[in-house]
>>> print(open('upload.pdb').read())   # PDB, N, CA and C atoms
ATOM      1  N   MET L   1      -9.620 -13.897 -14.533
ATOM      2  CA  MET L   1     -10.732 -13.106 -15.013
ATOM      3  C   MET L   1     -10.268 -12.319 -16.235
ATOM      4  N   THR L   2     -11.053 -12.378 -17.276
ATOM      5  CA  THR L   2     -10.743 -11.632 -18.495
ATOM      6  C   THR L   2     -11.399 -10.253 -18.437
ATOM      7  N   LYS L   3     -11.025  -9.395 -19.383
ATOM      8  CA  LYS L   3     -11.620  -8.062 -19.433
ATOM      9  C   LYS L   3     -13.127  -8.152 -19.639
ATOM     10  N   SER L   4     -13.569  -9.041 -20.524
ATOM     11  CA  SER L   4     -15.011  -9.165 -20.776
ATOM     12  C   SER L   4     -15.744  -9.704 -19.548
ATOM     13  N   GLU L   5     -15.109 -10.605 -18.799
ATOM     14  CA  GLU L   5     -15.725 -11.109 -17.561
ATOM     15  C   GLU L   5     -15.826  -9.996 -16.523
ATOM     16  N   LEU L   6     -14.809  -9.143 -16.438
ATOM     17  CA  LEU L   6     -14.843  -8.009 -15.514
ATOM     18  C   LEU L   6     -15.974  -7.057 -15.882
ATOM     19  N   ILE L   7     -16.103  -6.750 -17.155
ATOM     20  CA  ILE L   7     -17.168  -5.855 -17.619
ATOM     21  C   ILE L   7     -18.534  -6.442 -17.284
ATOM     22  N   GLU L   8     -18.697  -7.719 -17.555
ATOM     23  CA  GLU L   8     -19.972  -8.399 -17.266
ATOM     24  C   GLU L   8     -20.307  -8.333 -15.770
ATOM     25  N   LEU L   9     -19.326  -8.623 -14.925
ATOM     26  CA  LEU L   9     -19.527  -8.610 -13.474
ATOM     27  C   LEU L   9     -19.898  -7.215 -12.984
ATOM     28  N   LEU L  10     -19.165  -6.208 -13.440
ATOM     29  CA  LEU L  10     -19.452  -4.838 -13.018
ATOM     30  C   LEU L  10     -20.820  -4.377 -13.505
ATOM     31  N   ALA L  11     -21.192  -4.748 -14.725
ATOM     32  CA  ALA L  11     -22.500  -4.365 -15.270
ATOM     33  C   ALA L  11     -23.630  -4.984 -14.447
ATOM     34  N   LYS L  12     -23.436  -6.227 -13.994
ATOM     35  CA  LYS L  12     -24.459  -6.883 -13.166
ATOM     36  C   LYS L  12     -24.560  -6.227 -11.792
ATOM     37  N   ARG L  13     -23.403  -5.880 -11.208
ATOM     38  CA  ARG L  13     -23.391  -5.284  -9.865
ATOM     39  C   ARG L  13     -23.845  -3.833  -9.860
ATOM     40  N   GLN L  14     -23.690  -3.149 -10.974
ATOM     41  CA  GLN L  14     -24.094  -1.746 -11.092
ATOM     42  C   GLN L  14     -25.265  -1.660 -12.064
ATOM     43  N   ALA L  15     -26.400  -2.176 -11.641
ATOM     44  CA  ALA L  15     -27.572  -2.289 -12.518
ATOM     45  C   ALA L  15     -28.048  -0.938 -13.051
ATOM     46  N   GLN L  16     -27.731   0.152 -12.349
ATOM     47  CA  GLN L  16     -28.161   1.478 -12.804
ATOM     48  C   GLN L  16     -27.353   1.958 -14.010
ATOM     49  N   LEU L  17     -26.249   1.274 -14.318
ATOM     50  CA  LEU L  17     -25.417   1.648 -15.460
ATOM     51  C   LEU L  17     -25.679   0.717 -16.637
ATOM     52  N   ALA L  18     -25.695   1.286 -17.815
ATOM     53  CA  ALA L  18     -25.861   0.476 -19.025
ATOM     54  C   ALA L  18     -24.587  -0.328 -19.267
ATOM     55  N   TYR L  19     -24.745  -1.514 -19.840
ATOM     56  CA  TYR L  19     -23.602  -2.386 -20.129
ATOM     57  C   TYR L  19     -22.563  -1.644 -20.965
ATOM     58  N   LYS L  20     -23.021  -0.908 -21.983
ATOM     59  CA  LYS L  20     -22.105  -0.170 -22.872
ATOM     60  C   LYS L  20     -21.300   0.874 -22.108
ATOM     61  N   ASP L  21     -21.931   1.515 -21.099
ATOM     62  CA  ASP L  21     -21.221   2.515 -20.296
ATOM     63  C   ASP L  21     -20.122   1.864 -19.462
ATOM     64  N   VAL L  22     -20.428   0.716 -18.869
ATOM     65  CA  VAL L  22     -19.436  -0.017 -18.080
ATOM     66  C   VAL L  22     -18.295  -0.461 -18.990
ATOM     67  N   GLU L  23     -18.651  -0.990 -20.148
ATOM     68  CA  GLU L  23     -17.645  -1.460 -21.105
ATOM     69  C   GLU L  23     -16.717  -0.317 -21.524
ATOM     70  N   GLU L  24     -17.291   0.832 -21.833
ATOM     71  CA  GLU L  24     -16.490   1.979 -22.255
ATOM     72  C   GLU L  24     -15.601   2.476 -21.116
ATOM     73  N   ALA L  25     -16.132   2.511 -19.890
ATOM     74  CA  ALA L  25     -15.350   2.975 -18.742
ATOM     75  C   ALA L  25     -14.146   2.071 -18.496
ATOM     76  N   VAL L  26     -14.358   0.768 -18.508
ATOM     77  CA  VAL L  26     -13.259  -0.177 -18.278
ATOM     78  C   VAL L  26     -12.214  -0.037 -19.382
ATOM     79  N   LYS L  27     -12.659   0.042 -20.620
ATOM     80  CA  LYS L  27     -11.719   0.175 -21.741
ATOM     81  C   LYS L  27     -10.927   1.474 -21.653
ATOM     82  N   LYS L  28     -11.581   2.575 -21.286
ATOM     83  CA  LYS L  28     -10.905   3.873 -21.164
ATOM     84  C   LYS L  28      -9.876   3.847 -20.032
ATOM     85  N   ILE L  29     -10.238   3.243 -18.905
ATOM     86  CA  ILE L  29      -9.308   3.156 -17.773
ATOM     87  C   ILE L  29      -8.066   2.373 -18.173
ATOM     88  N   LEU L  30      -8.257   1.210 -18.784
ATOM     89  CA  LEU L  30      -7.121   0.381 -19.188
ATOM     90  C   LEU L  30      -6.285   1.068 -20.266
ATOM     91  N   GLU L  31      -6.944   1.744 -21.192
ATOM     92  CA  GLU L  31      -6.233   2.472 -22.246
ATOM     93  C   GLU L  31      -5.363   3.574 -21.642
ATOM     94  N   HIS L  32      -5.935   4.320 -20.700
ATOM     95  CA  HIS L  32      -5.192   5.407 -20.064
ATOM     96  C   HIS L  32      -4.018   4.863 -19.246
ATOM     97  N   MET L  33      -4.231   3.743 -18.572
ATOM     98  CA  MET L  33      -3.139   3.133 -17.807
ATOM     99  C   MET L  33      -2.008   2.713 -18.745
ATOM    100  N   GLY L  34      -2.350   2.130 -19.872
ATOM    101  CA  GLY L  34      -1.341   1.733 -20.853
ATOM    102  C   GLY L  34      -0.572   2.927 -21.393
ATOM    103  N   GLN L  35      -1.273   4.011 -21.683
ATOM    104  CA  GLN L  35      -0.624   5.225 -22.183
ATOM    105  C   GLN L  35       0.302   5.825 -21.128
ATOM    106  N   THR L  36      -0.137   5.798 -19.874
ATOM    107  CA  THR L  36       0.671   6.342 -18.787
ATOM    108  C   THR L  36       1.971   5.559 -18.640
ATOM    109  N   LEU L  37       1.878   4.234 -18.658
ATOM    110  CA  LEU L  37       3.085   3.408 -18.571
ATOM    111  C   LEU L  37       3.971   3.607 -19.798
ATOM    112  N   ALA L  38       3.366   3.705 -20.976
ATOM    113  CA  ALA L  38       4.132   3.890 -22.210
ATOM    114  C   ALA L  38       4.899   5.209 -22.205
ATOM    115  N   SER L  39       4.410   6.194 -21.459
ATOM    116  CA  SER L  39       5.113   7.476 -21.370
ATOM    117  C   SER L  39       6.157   7.465 -20.255
ATOM    118  N   GLY L  40       6.330   6.313 -19.595
ATOM    119  CA  GLY L  40       7.370   6.174 -18.575
ATOM    120  C   GLY L  40       6.937   6.553 -17.174
ATOM    121  N   GLU L  41       5.662   6.842 -16.992
ATOM    122  CA  GLU L  41       5.170   7.239 -15.672
ATOM    123  C   GLU L  41       4.735   6.024 -14.858
ATOM    124  N   ARG L  42       4.709   6.206 -13.554
ATOM    125  CA  ARG L  42       4.306   5.172 -12.601
ATOM    126  C   ARG L  42       2.836   5.393 -12.252
ATOM    127  N   ILE L  43       2.117   4.310 -11.982
ATOM    128  CA  ILE L  43       0.714   4.385 -11.572
ATOM    129  C   ILE L  43       0.608   3.783 -10.179
ATOM    130  N   GLU L  44      -0.004   4.521  -9.254
ATOM    131  CA  GLU L  44      -0.205   3.994  -7.904
ATOM    132  C   GLU L  44      -1.682   4.068  -7.561
ATOM    133  N   ILE L  45      -2.244   2.930  -7.181
ATOM    134  CA  ILE L  45      -3.634   2.861  -6.747
ATOM    135  C   ILE L  45      -3.593   2.399  -5.297
ATOM    136  N   ARG L  46      -3.795   3.322  -4.389
ATOM    137  CA  ARG L  46      -3.668   3.028  -2.955
ATOM    138  C   ARG L  46      -4.588   1.884  -2.555
ATOM    139  N   GLY L  47      -4.059   0.971  -1.761
ATOM    140  CA  GLY L  47      -4.820  -0.181  -1.306
ATOM    141  C   GLY L  47      -4.841  -1.323  -2.308
ATOM    142  N   PHE L  48      -4.359  -1.073  -3.518
ATOM    143  CA  PHE L  48      -4.340  -2.106  -4.550
ATOM    144  C   PHE L  48      -2.911  -2.436  -4.955
ATOM    145  N   GLY L  49      -2.188  -1.445  -5.453
ATOM    146  CA  GLY L  49      -0.803  -1.684  -5.844
ATOM    147  C   GLY L  49      -0.303  -0.622  -6.795
ATOM    148  N   SER L  50       0.897  -0.842  -7.317
ATOM    149  CA  SER L  50       1.482   0.127  -8.237
ATOM    150  C   SER L  50       2.028  -0.573  -9.474
ATOM    151  N   PHE L  51       1.957   0.150 -10.568
ATOM    152  CA  PHE L  51       2.474  -0.317 -11.847
ATOM    153  C   PHE L  51       3.652   0.581 -12.200
ATOM    154  N   SER L  52       4.746  -0.027 -12.608
ATOM    155  CA  SER L  52       5.921   0.737 -13.003
ATOM    156  C   SER L  52       6.623  -0.013 -14.125
ATOM    157  N   LEU L  53       7.736   0.541 -14.578
ATOM    158  CA  LEU L  53       8.519  -0.101 -15.621
ATOM    159  C   LEU L  53       9.844  -0.570 -15.037
ATOM    160  N   HIS L  54      10.262  -1.761 -15.396
ATOM    161  CA  HIS L  54      11.567  -2.285 -15.007
ATOM    162  C   HIS L  54      12.423  -2.407 -16.260
ATOM    163  N   TYR L  55      13.673  -2.013 -16.129
ATOM    164  CA  TYR L  55      14.610  -2.075 -17.246
ATOM    165  C   TYR L  55      15.231  -3.461 -17.319
ATOM    166  N   ARG L  56      15.260  -4.025 -18.492
ATOM    167  CA  ARG L  56      15.928  -5.306 -18.741
ATOM    168  C   ARG L  56      17.111  -5.010 -19.661
ATOM    169  N   PRO L  57      18.343  -5.216 -19.195
ATOM    170  CA  PRO L  57      19.516  -4.928 -20.034
ATOM    171  C   PRO L  57      19.616  -5.893 -21.209
ATOM    172  N   PRO L  58      20.405  -5.523 -22.223
ATOM    173  CA  PRO L  58      20.574  -6.443 -23.358
ATOM    174  C   PRO L  58      21.240  -7.734 -22.888
ATOM    175  N   ARG L  59      20.921  -8.822 -23.560
ATOM    176  CA  ARG L  59      21.501 -10.104 -23.165
ATOM    177  C   ARG L  59      21.562 -11.027 -24.372
ATOM    178  N   VAL L  60      22.263 -12.112 -24.182
ATOM    179  CA  VAL L  60      22.347 -13.121 -25.231
ATOM    180  C   VAL L  60      21.405 -14.253 -24.852
ATOM    181  N   GLY L  61      20.450 -14.534 -25.736
ATOM    182  CA  GLY L  61      19.514 -15.635 -25.526
ATOM    183  C   GLY L  61      19.844 -16.759 -26.490
ATOM    184  N   ARG L  62      18.988 -17.722 -26.555
ATOM    185  CA  ARG L  62      19.192 -18.860 -27.462
ATOM    186  C   ARG L  62      17.933 -19.078 -28.290
ATOM    187  N   ASN L  63      18.139 -19.396 -29.553
ATOM    188  CA  ASN L  63      17.045 -19.798 -30.422
ATOM    189  C   ASN L  63      16.629 -21.196 -29.956
ATOM    190  N   PRO L  64      15.367 -21.382 -29.531
ATOM    191  CA  PRO L  64      14.958 -22.684 -28.990
ATOM    192  C   PRO L  64      15.056 -23.833 -29.995
ATOM    193  N   LYS L  65      14.909 -23.537 -31.290
ATOM    194  CA  LYS L  65      14.990 -24.605 -32.297
ATOM    195  C   LYS L  65      16.424 -25.015 -32.589
ATOM    196  N   SER L  66      17.268 -24.011 -32.857
ATOM    197  CA  SER L  66      18.631 -24.332 -33.303
ATOM    198  C   SER L  66      19.664 -24.287 -32.189
ATOM    199  N   GLY L  67      19.347 -23.625 -31.089
ATOM    200  CA  GLY L  67      20.318 -23.486 -30.010
ATOM    201  C   GLY L  67      21.334 -22.386 -30.266
ATOM    202  N   GLU L  68      21.216 -21.712 -31.405
ATOM    203  CA  GLU L  68      22.141 -20.633 -31.756
ATOM    204  C   GLU L  68      21.948 -19.441 -30.823
ATOM    205  N   PRO L  69      23.036 -18.769 -30.458
ATOM    206  CA  PRO L  69      22.918 -17.551 -29.644
ATOM    207  C   PRO L  69      22.200 -16.449 -30.427
ATOM    208  N   VAL L  70      21.353 -15.711 -29.730
ATOM    209  CA  VAL L  70      20.600 -14.609 -30.331
ATOM    210  C   VAL L  70      20.776 -13.396 -29.428
ATOM    211  N   SER L  71      21.130 -12.271 -30.016
ATOM    212  CA  SER L  71      21.302 -11.041 -29.254
ATOM    213  C   SER L  71      19.929 -10.416 -29.003
ATOM    214  N   LEU L  72      19.587 -10.228 -27.741
ATOM    215  CA  LEU L  72      18.304  -9.621 -27.379
ATOM    216  C   LEU L  72      18.560  -8.193 -26.897
ATOM    217  N   PRO L  73      17.842  -7.216 -27.448
ATOM    218  CA  PRO L  73      18.076  -5.818 -27.072
ATOM    219  C   PRO L  73      17.540  -5.500 -25.674
ATOM    220  N   ALA L  74      17.998  -4.385 -25.133
ATOM    221  CA  ALA L  74      17.476  -3.890 -23.858
ATOM    222  C   ALA L  74      16.014  -3.511 -24.050
ATOM    223  N   LYS L  75      15.249  -3.593 -22.972
ATOM    224  CA  LYS L  75      13.838  -3.214 -23.063
ATOM    225  C   LYS L  75      13.301  -2.867 -21.684
ATOM    226  N   TYR L  76      12.161  -2.209 -21.683
ATOM    227  CA  TYR L  76      11.431  -1.913 -20.455
ATOM    228  C   TYR L  76      10.203  -2.808 -20.427
ATOM    229  N   VAL L  77       9.921  -3.383 -19.274
ATOM    230  CA  VAL L  77       8.757  -4.255 -19.134
ATOM    231  C   VAL L  77       7.868  -3.741 -18.000
ATOM    232  N   PRO L  78       6.544  -3.831 -18.162
ATOM    233  CA  PRO L  78       5.644  -3.426 -17.083
ATOM    234  C   PRO L  78       5.819  -4.338 -15.873
ATOM    235  N   HIS L  79       5.699  -3.744 -14.691
ATOM    236  CA  HIS L  79       5.846  -4.495 -13.441
ATOM    237  C   HIS L  79       4.730  -4.062 -12.496
ATOM    238  N   PHE L  80       4.102  -5.032 -11.832
ATOM    239  CA  PHE L  80       3.053  -4.736 -10.849
ATOM    240  C   PHE L  80       3.543  -5.140  -9.474
ATOM    241  N   LYS L  81       3.403  -4.234  -8.513
ATOM    242  CA  LYS L  81       3.743  -4.541  -7.127
ATOM    243  C   LYS L  81       2.463  -4.383  -6.307
ATOM    244  N   PRO L  82       1.946  -5.484  -5.765
ATOM    245  CA  PRO L  82       0.710  -5.383  -4.985
ATOM    246  C   PRO L  82       0.923  -4.569  -3.712
ATOM    247  N   GLY L  83      -0.108  -3.823  -3.331
ATOM    248  CA  GLY L  83      -0.068  -3.054  -2.097
ATOM    249  C   GLY L  83      -0.295  -3.952  -0.893
ATOM    250  N   LYS L  84      -0.014  -3.418   0.276
ATOM    251  CA  LYS L  84      -0.127  -4.183   1.517
ATOM    252  C   LYS L  84      -1.547  -4.715   1.721
ATOM    253  N   GLN L  85      -2.557  -3.871   1.503
ATOM    254  CA  GLN L  85      -3.942  -4.306   1.710
ATOM    255  C   GLN L  85      -4.311  -5.451   0.775
ATOM    256  N   LEU L  86      -3.887  -5.388  -0.473
ATOM    257  CA  LEU L  86      -4.183  -6.458  -1.429
ATOM    258  C   LEU L  86      -3.467  -7.743  -1.026
ATOM    259  N   ARG L  87      -2.189  -7.640  -0.667
ATOM    260  CA  ARG L  87      -1.438  -8.835  -0.242
ATOM    261  C   ARG L  87      -2.114  -9.500   0.953
ATOM    262  N   GLU L  88      -2.507  -8.690   1.943
ATOM    263  CA  GLU L  88      -3.153  -9.236   3.143
ATOM    264  C   GLU L  88      -4.504  -9.854   2.809
ATOM    265  N   ARG L  89      -5.271  -9.206   1.944
ATOM    266  CA  ARG L  89      -6.596  -9.724   1.571
ATOM    267  C   ARG L  89      -6.480 -11.062   0.851
ATOM    268  N   VAL L  90      -5.534 -11.169  -0.078
ATOM    269  CA  VAL L  90      -5.326 -12.420  -0.810
ATOM    270  C   VAL L  90      -4.876 -13.516   0.147
ATOM    271  N   ASP L  91      -3.910 -13.197   1.000
ATOM    272  CA  ASP L  91      -3.396 -14.187   1.946
ATOM    273  C   ASP L  91      -4.503 -14.651   2.892
ATOM    274  N   GLN L  92      -5.296 -13.703   3.386
ATOM    275  CA  GLN L  92      -6.379 -14.028   4.314
ATOM    276  C   GLN L  92      -7.435 -14.906   3.643
ATOM    277  N   SER L  93      -7.802 -14.589   2.405
ATOM    278  CA  SER L  93      -8.837 -15.380   1.735
ATOM    279  C   SER L  93      -8.335 -16.781   1.418
ATOM    280  N   LEU L  94      -7.043 -16.928   1.107
ATOM    281  CA  LEU L  94      -6.501 -18.259   0.829
ATOM    282  C   LEU L  94      -6.398 -19.093   2.100
ATOM    283  N   HIS L  95      -6.132 -18.439   3.227
ATOM    284  CA  HIS L  95      -6.053 -19.173   4.492
ATOM    285  C   HIS L  95      -7.428 -19.502   5.060
ATOM    286  N   SER L  96      -8.477 -18.858   4.549
ATOM    287  CA  SER L  96      -9.815 -19.086   5.097
ATOM    288  C   SER L  96     -10.580 -20.180   4.366
ATOM    289  N   GLY L  97      -9.891 -20.980   3.551
ATOM    290  CA  GLY L  97     -10.560 -22.121   2.942
ATOM    291  C   GLY L  97     -10.689 -22.086   1.444
ATOM    292  N   ALA L  98     -10.380 -20.972   0.824
ATOM    293  CA  ALA L  98     -10.445 -20.925  -0.634
ATOM    294  C   ALA L  98      -9.177 -21.544  -1.196
ATOM    295  N   GLN L  99      -9.283 -22.129  -2.370
ATOM    296  CA  GLN L  99      -8.086 -22.669  -3.010
ATOM    297  C   GLN L  99      -8.027 -22.184  -4.442
ATOM    298  N   ILE L 100      -6.838 -22.124  -4.989
ATOM    299  CA  ILE L 100      -6.664 -21.622  -6.345
ATOM    300  C   ILE L 100      -6.985 -22.710  -7.348
ATOM    301  N   SER L 101      -7.829 -22.365  -8.318
ATOM    302  CA  SER L 101      -8.155 -23.279  -9.404
ATOM    303  C   SER L 101      -7.001 -23.261 -10.391
ATOM    304  N   SER L 102      -6.513 -24.422 -10.769
ATOM    305  CA  SER L 102      -5.349 -24.485 -11.650
ATOM    306  C   SER L 102      -5.666 -24.086 -13.083
ATOM    307  N   SER L 103      -6.926 -24.130 -13.495
ATOM    308  CA  SER L 103      -7.252 -23.855 -14.891
ATOM    309  C   SER L 103      -7.093 -22.386 -15.270
ATOM    310  N   HIS L 104      -7.556 -21.463 -14.443
ATOM    311  CA  HIS L 104      -7.496 -20.054 -14.801
ATOM    312  C   HIS L 104      -6.868 -19.203 -13.713
ATOM    313  N   GLY L 105      -6.352 -19.806 -12.667
ATOM    314  CA  GLY L 105      -5.759 -19.026 -11.601
ATOM    315  C   GLY L 105      -6.790 -18.290 -10.771
ATOM    316  N   SER L 106      -8.051 -18.700 -10.866
ATOM    317  CA  SER L 106      -9.091 -18.038 -10.104
ATOM    318  C   SER L 106      -9.352 -18.797  -8.811
ATOM    319  N   LEU L 107     -10.049 -18.150  -7.907
ATOM    320  CA  LEU L 107     -10.339 -18.786  -6.625
ATOM    321  C   LEU L 107     -11.575 -19.656  -6.723
ATOM    322  N   ALA L 108     -11.505 -20.797  -6.088
ATOM    323  CA  ALA L 108     -12.653 -21.703  -6.019
ATOM    324  C   ALA L 108     -12.850 -22.078  -4.561
ATOM    325  N   GLU L 109     -14.054 -21.915  -4.072
ATOM    326  CA  GLU L 109     -14.344 -22.273  -2.682
ATOM    327  C   GLU L 109     -14.271 -23.777  -2.505
ATOM    328  N   SER L 110     -13.683 -24.211  -1.413
ATOM    329  CA  SER L 110     -13.619 -25.655  -1.155
ATOM    330  C   SER L 110     -14.599 -26.053  -0.087
TER     331      SER L 110
END
>>> encode(input="upload.pdb", output="structure tokens")
Amino acid sequence: MTKSELIELLAKRQAQLAYKDVEEAVKKILEHMGQTLASGERIEIRGFGSFSLHYRPPRVGRNPKSGEPVSLPAKYVPHFKPGKQLRERVDQSLHSGAQISSSHGSLAES
């Protein structure tokens, strides 16, 4: 699901809200989450999961074209850890007959 698909779905389900209001709310939430992670803070949404930063130490990689060694600097990368309720919900829905569509990673009923 893309951001625009999420906005569209929420706007349809929340008919009392204008599309522009839903769009702005989703964009503001995602923007704030990005700023929070960029400042080094952790985000926890109970029942859904948590977002944090993982440190990746410097390493030597390879240039895929030439095979030459390339020094890669240390960096922090965003990491998502699903909460127990989300893990159970996904597992339960997959065991109840839904299968993952290979094209977009979305669920398709079988």
>>> atom_distance(input="upload.pdb", atom1="atom N of L:Ala11", atom2="atom CA of L:Leu30")
15.6 Å
>>> resolve_selection(input="upload.pdb", expression="the PyMOL selection byres ((chain L and resi 52) around 6)", output="number ranges by chain")
L: 41-43, 50-51, 53-54, 77-80
>>> residues_around(input="upload.pdb", residues="L:Glu23", least_positions_apart="3", cutoff="8 Å", atoms="only N, CA and C atoms", output="ChimeraX atom specification")
/L:6-8,10-11,18-20,26-29
>>> residues_around(input="upload.pdb", residues="L:Pro73", least_positions_apart="5", cutoff="10 Å", atoms="only C-alpha atoms", output="PyMOL selection string")
chain L and resi 56-60
>>> atom_distance(input="upload.pdb", atom1="atom CA of L:Tyr76", atom2="atom CA of L:Gln35")
14.1 Å
>>> atom_distance(input="upload.pdb", atom1="atom CA of L:Arg46", atom2="atom N of L:Leu17")
25.3 Å
>>> axis_aligned_box(input="upload.pdb", around="stretch 86-98 of chain L", padding_each_side="8 Å", output="lines of an AutoDock Vina configuration file")
center_x = -6.1
center_y = -13.8
center_z = 1.8
size_x = 25.3
size_y = 32.7
size_z = 22.5
>>> select_by_dssp(input="upload.pdb", residues="chain L", states="helix (DSSP H, G or I)", output="tab-separated table (two decimals) with N, CA and C atoms, keeping the file's coordinate frame")
chain	number	residue	atom	x	y	z
L	3	LYS	N	-11.02	-9.40	-19.38
L	3	LYS	CA	-11.62	-8.06	-19.43
L	3	LYS	C	-13.13	-8.15	-19.64
L	4	SER	N	-13.57	-9.04	-20.52
L	4	SER	CA	-15.01	-9.16	-20.78
L	4	SER	C	-15.74	-9.70	-19.55
L	5	GLU	N	-15.11	-10.60	-18.80
L	5	GLU	CA	-15.72	-11.11	-17.56
L	5	GLU	C	-15.83	-10.00	-16.52
L	6	LEU	N	-14.81	-9.14	-16.44
L	6	LEU	CA	-14.84	-8.01	-15.51
L	6	LEU	C	-15.97	-7.06	-15.88
L	7	ILE	N	-16.10	-6.75	-17.16
L	7	ILE	CA	-17.17	-5.86	-17.62
L	7	ILE	C	-18.53	-6.44	-17.28
L	8	GLU	N	-18.70	-7.72	-17.56
L	8	GLU	CA	-19.97	-8.40	-17.27
L	8	GLU	C	-20.31	-8.33	-15.77
L	9	LEU	N	-19.33	-8.62	-14.92
L	9	LEU	CA	-19.53	-8.61	-13.47
L	9	LEU	C	-19.90	-7.22	-12.98
L	10	LEU	N	-19.16	-6.21	-13.44
L	10	LEU	CA	-19.45	-4.84	-13.02
L	10	LEU	C	-20.82	-4.38	-13.50
L	11	ALA	N	-21.19	-4.75	-14.72
L	11	ALA	CA	-22.50	-4.36	-15.27
L	11	ALA	C	-23.63	-4.98	-14.45
L	12	LYS	N	-23.44	-6.23	-13.99
L	12	LYS	CA	-24.46	-6.88	-13.17
L	12	LYS	C	-24.56	-6.23	-11.79
L	13	ARG	N	-23.40	-5.88	-11.21
L	13	ARG	CA	-23.39	-5.28	-9.86
L	13	ARG	C	-23.84	-3.83	-9.86
L	19	TYR	N	-24.74	-1.51	-19.84
L	19	TYR	CA	-23.60	-2.39	-20.13
L	19	TYR	C	-22.56	-1.64	-20.96
L	20	LYS	N	-23.02	-0.91	-21.98
L	20	LYS	CA	-22.10	-0.17	-22.87
L	20	LYS	C	-21.30	0.87	-22.11
L	21	ASP	N	-21.93	1.52	-21.10
L	21	ASP	CA	-21.22	2.52	-20.30
L	21	ASP	C	-20.12	1.86	-19.46
L	22	VAL	N	-20.43	0.72	-18.87
L	22	VAL	CA	-19.44	-0.02	-18.08
L	22	VAL	C	-18.30	-0.46	-18.99
L	23	GLU	N	-18.65	-0.99	-20.15
L	23	GLU	CA	-17.64	-1.46	-21.10
L	23	GLU	C	-16.72	-0.32	-21.52
L	24	GLU	N	-17.29	0.83	-21.83
L	24	GLU	CA	-16.49	1.98	-22.26
L	24	GLU	C	-15.60	2.48	-21.12
L	25	ALA	N	-16.13	2.51	-19.89
L	25	ALA	CA	-15.35	2.98	-18.74
L	25	ALA	C	-14.15	2.07	-18.50
L	26	VAL	N	-14.36	0.77	-18.51
L	26	VAL	CA	-13.26	-0.18	-18.28
L	26	VAL	C	-12.21	-0.04	-19.38
L	27	LYS	N	-12.66	0.04	-20.62
L	27	LYS	CA	-11.72	0.18	-21.74
L	27	LYS	C	-10.93	1.47	-21.65
L	28	LYS	N	-11.58	2.58	-21.29
L	28	LYS	CA	-10.90	3.87	-21.16
L	28	LYS	C	-9.88	3.85	-20.03
L	29	ILE	N	-10.24	3.24	-18.90
L	29	ILE	CA	-9.31	3.16	-17.77
L	29	ILE	C	-8.07	2.37	-18.17
L	30	LEU	N	-8.26	1.21	-18.78
L	30	LEU	CA	-7.12	0.38	-19.19
L	30	LEU	C	-6.28	1.07	-20.27
L	31	GLU	N	-6.94	1.74	-21.19
L	31	GLU	CA	-6.23	2.47	-22.25
L	31	GLU	C	-5.36	3.57	-21.64
L	32	HIS	N	-5.94	4.32	-20.70
L	32	HIS	CA	-5.19	5.41	-20.06
L	32	HIS	C	-4.02	4.86	-19.25
L	33	MET	N	-4.23	3.74	-18.57
L	33	MET	CA	-3.14	3.13	-17.81
L	33	MET	C	-2.01	2.71	-18.74
L	34	GLY	N	-2.35	2.13	-19.87
L	34	GLY	CA	-1.34	1.73	-20.85
L	34	GLY	C	-0.57	2.93	-21.39
L	35	GLN	N	-1.27	4.01	-21.68
L	35	GLN	CA	-0.62	5.22	-22.18
L	35	GLN	C	0.30	5.82	-21.13
L	36	THR	N	-0.14	5.80	-19.87
L	36	THR	CA	0.67	6.34	-18.79
L	36	THR	C	1.97	5.56	-18.64
L	37	LEU	N	1.88	4.23	-18.66
L	37	LEU	CA	3.08	3.41	-18.57
L	37	LEU	C	3.97	3.61	-19.80
L	38	ALA	N	3.37	3.70	-20.98
L	38	ALA	CA	4.13	3.89	-22.21
L	38	ALA	C	4.90	5.21	-22.20
L	84	LYS	N	-0.01	-3.42	0.28
L	84	LYS	CA	-0.13	-4.18	1.52
L	84	LYS	C	-1.55	-4.72	1.72
L	85	GLN	N	-2.56	-3.87	1.50
L	85	GLN	CA	-3.94	-4.31	1.71
L	85	GLN	C	-4.31	-5.45	0.78
L	86	LEU	N	-3.89	-5.39	-0.47
L	86	LEU	CA	-4.18	-6.46	-1.43
L	86	LEU	C	-3.47	-7.74	-1.03
L	87	ARG	N	-2.19	-7.64	-0.67
L	87	ARG	CA	-1.44	-8.84	-0.24
L	87	ARG	C	-2.11	-9.50	0.95
L	88	GLU	N	-2.51	-8.69	1.94
L	88	GLU	CA	-3.15	-9.24	3.14
L	88	GLU	C	-4.50	-9.85	2.81
L	89	ARG	N	-5.27	-9.21	1.94
L	89	ARG	CA	-6.60	-9.72	1.57
L	89	ARG	C	-6.48	-11.06	0.85
L	90	VAL	N	-5.53	-11.17	-0.08
L	90	VAL	CA	-5.33	-12.42	-0.81
L	90	VAL	C	-4.88	-13.52	0.15
L	91	ASP	N	-3.91	-13.20	1.00
L	91	ASP	CA	-3.40	-14.19	1.95
L	91	ASP	C	-4.50	-14.65	2.89
L	92	GLN	N	-5.30	-13.70	3.39
L	92	GLN	CA	-6.38	-14.03	4.31
L	92	GLN	C	-7.44	-14.91	3.64
L	93	SER	N	-7.80	-14.59	2.40
L	93	SER	CA	-8.84	-15.38	1.74
L	93	SER	C	-8.34	-16.78	1.42
L	94	LEU	N	-7.04	-16.93	1.11
L	94	LEU	CA	-6.50	-18.26	0.83
L	94	LEU	C	-6.40	-19.09	2.10
L	95	HIS	N	-6.13	-18.44	3.23
L	95	HIS	CA	-6.05	-19.17	4.49
L	95	HIS	C	-7.43	-19.50	5.06
>>> residues_around(input="upload.pdb", residues="stretch 82-90 of chain L", least_positions_apart="6", cutoff="6 Å", atoms="all atoms listed in the file", output="PyMOL selection string")
chain L and resi 47-50
>>> write_last_selection(input="upload.pdb", atoms="N, CA and C atoms", output="compact mmCIF listing (two decimals), keeping the file's coordinate frame")
# COMPACT_ATOMS: atom_id res chain seq x y z
N GLY L 47 -4.06 0.97 -1.76
CA GLY L 47 -4.82 -0.18 -1.31
C GLY L 47 -4.84 -1.32 -2.31
N PHE L 48 -4.36 -1.07 -3.52
CA PHE L 48 -4.34 -2.11 -4.55
C PHE L 48 -2.91 -2.44 -4.96
N GLY L 49 -2.19 -1.44 -5.45
CA GLY L 49 -0.80 -1.68 -5.84
C GLY L 49 -0.30 -0.62 -6.80
N SER L 50 0.90 -0.84 -7.32
CA SER L 50 1.48 0.13 -8.24
C SER L 50 2.03 -0.57 -9.47
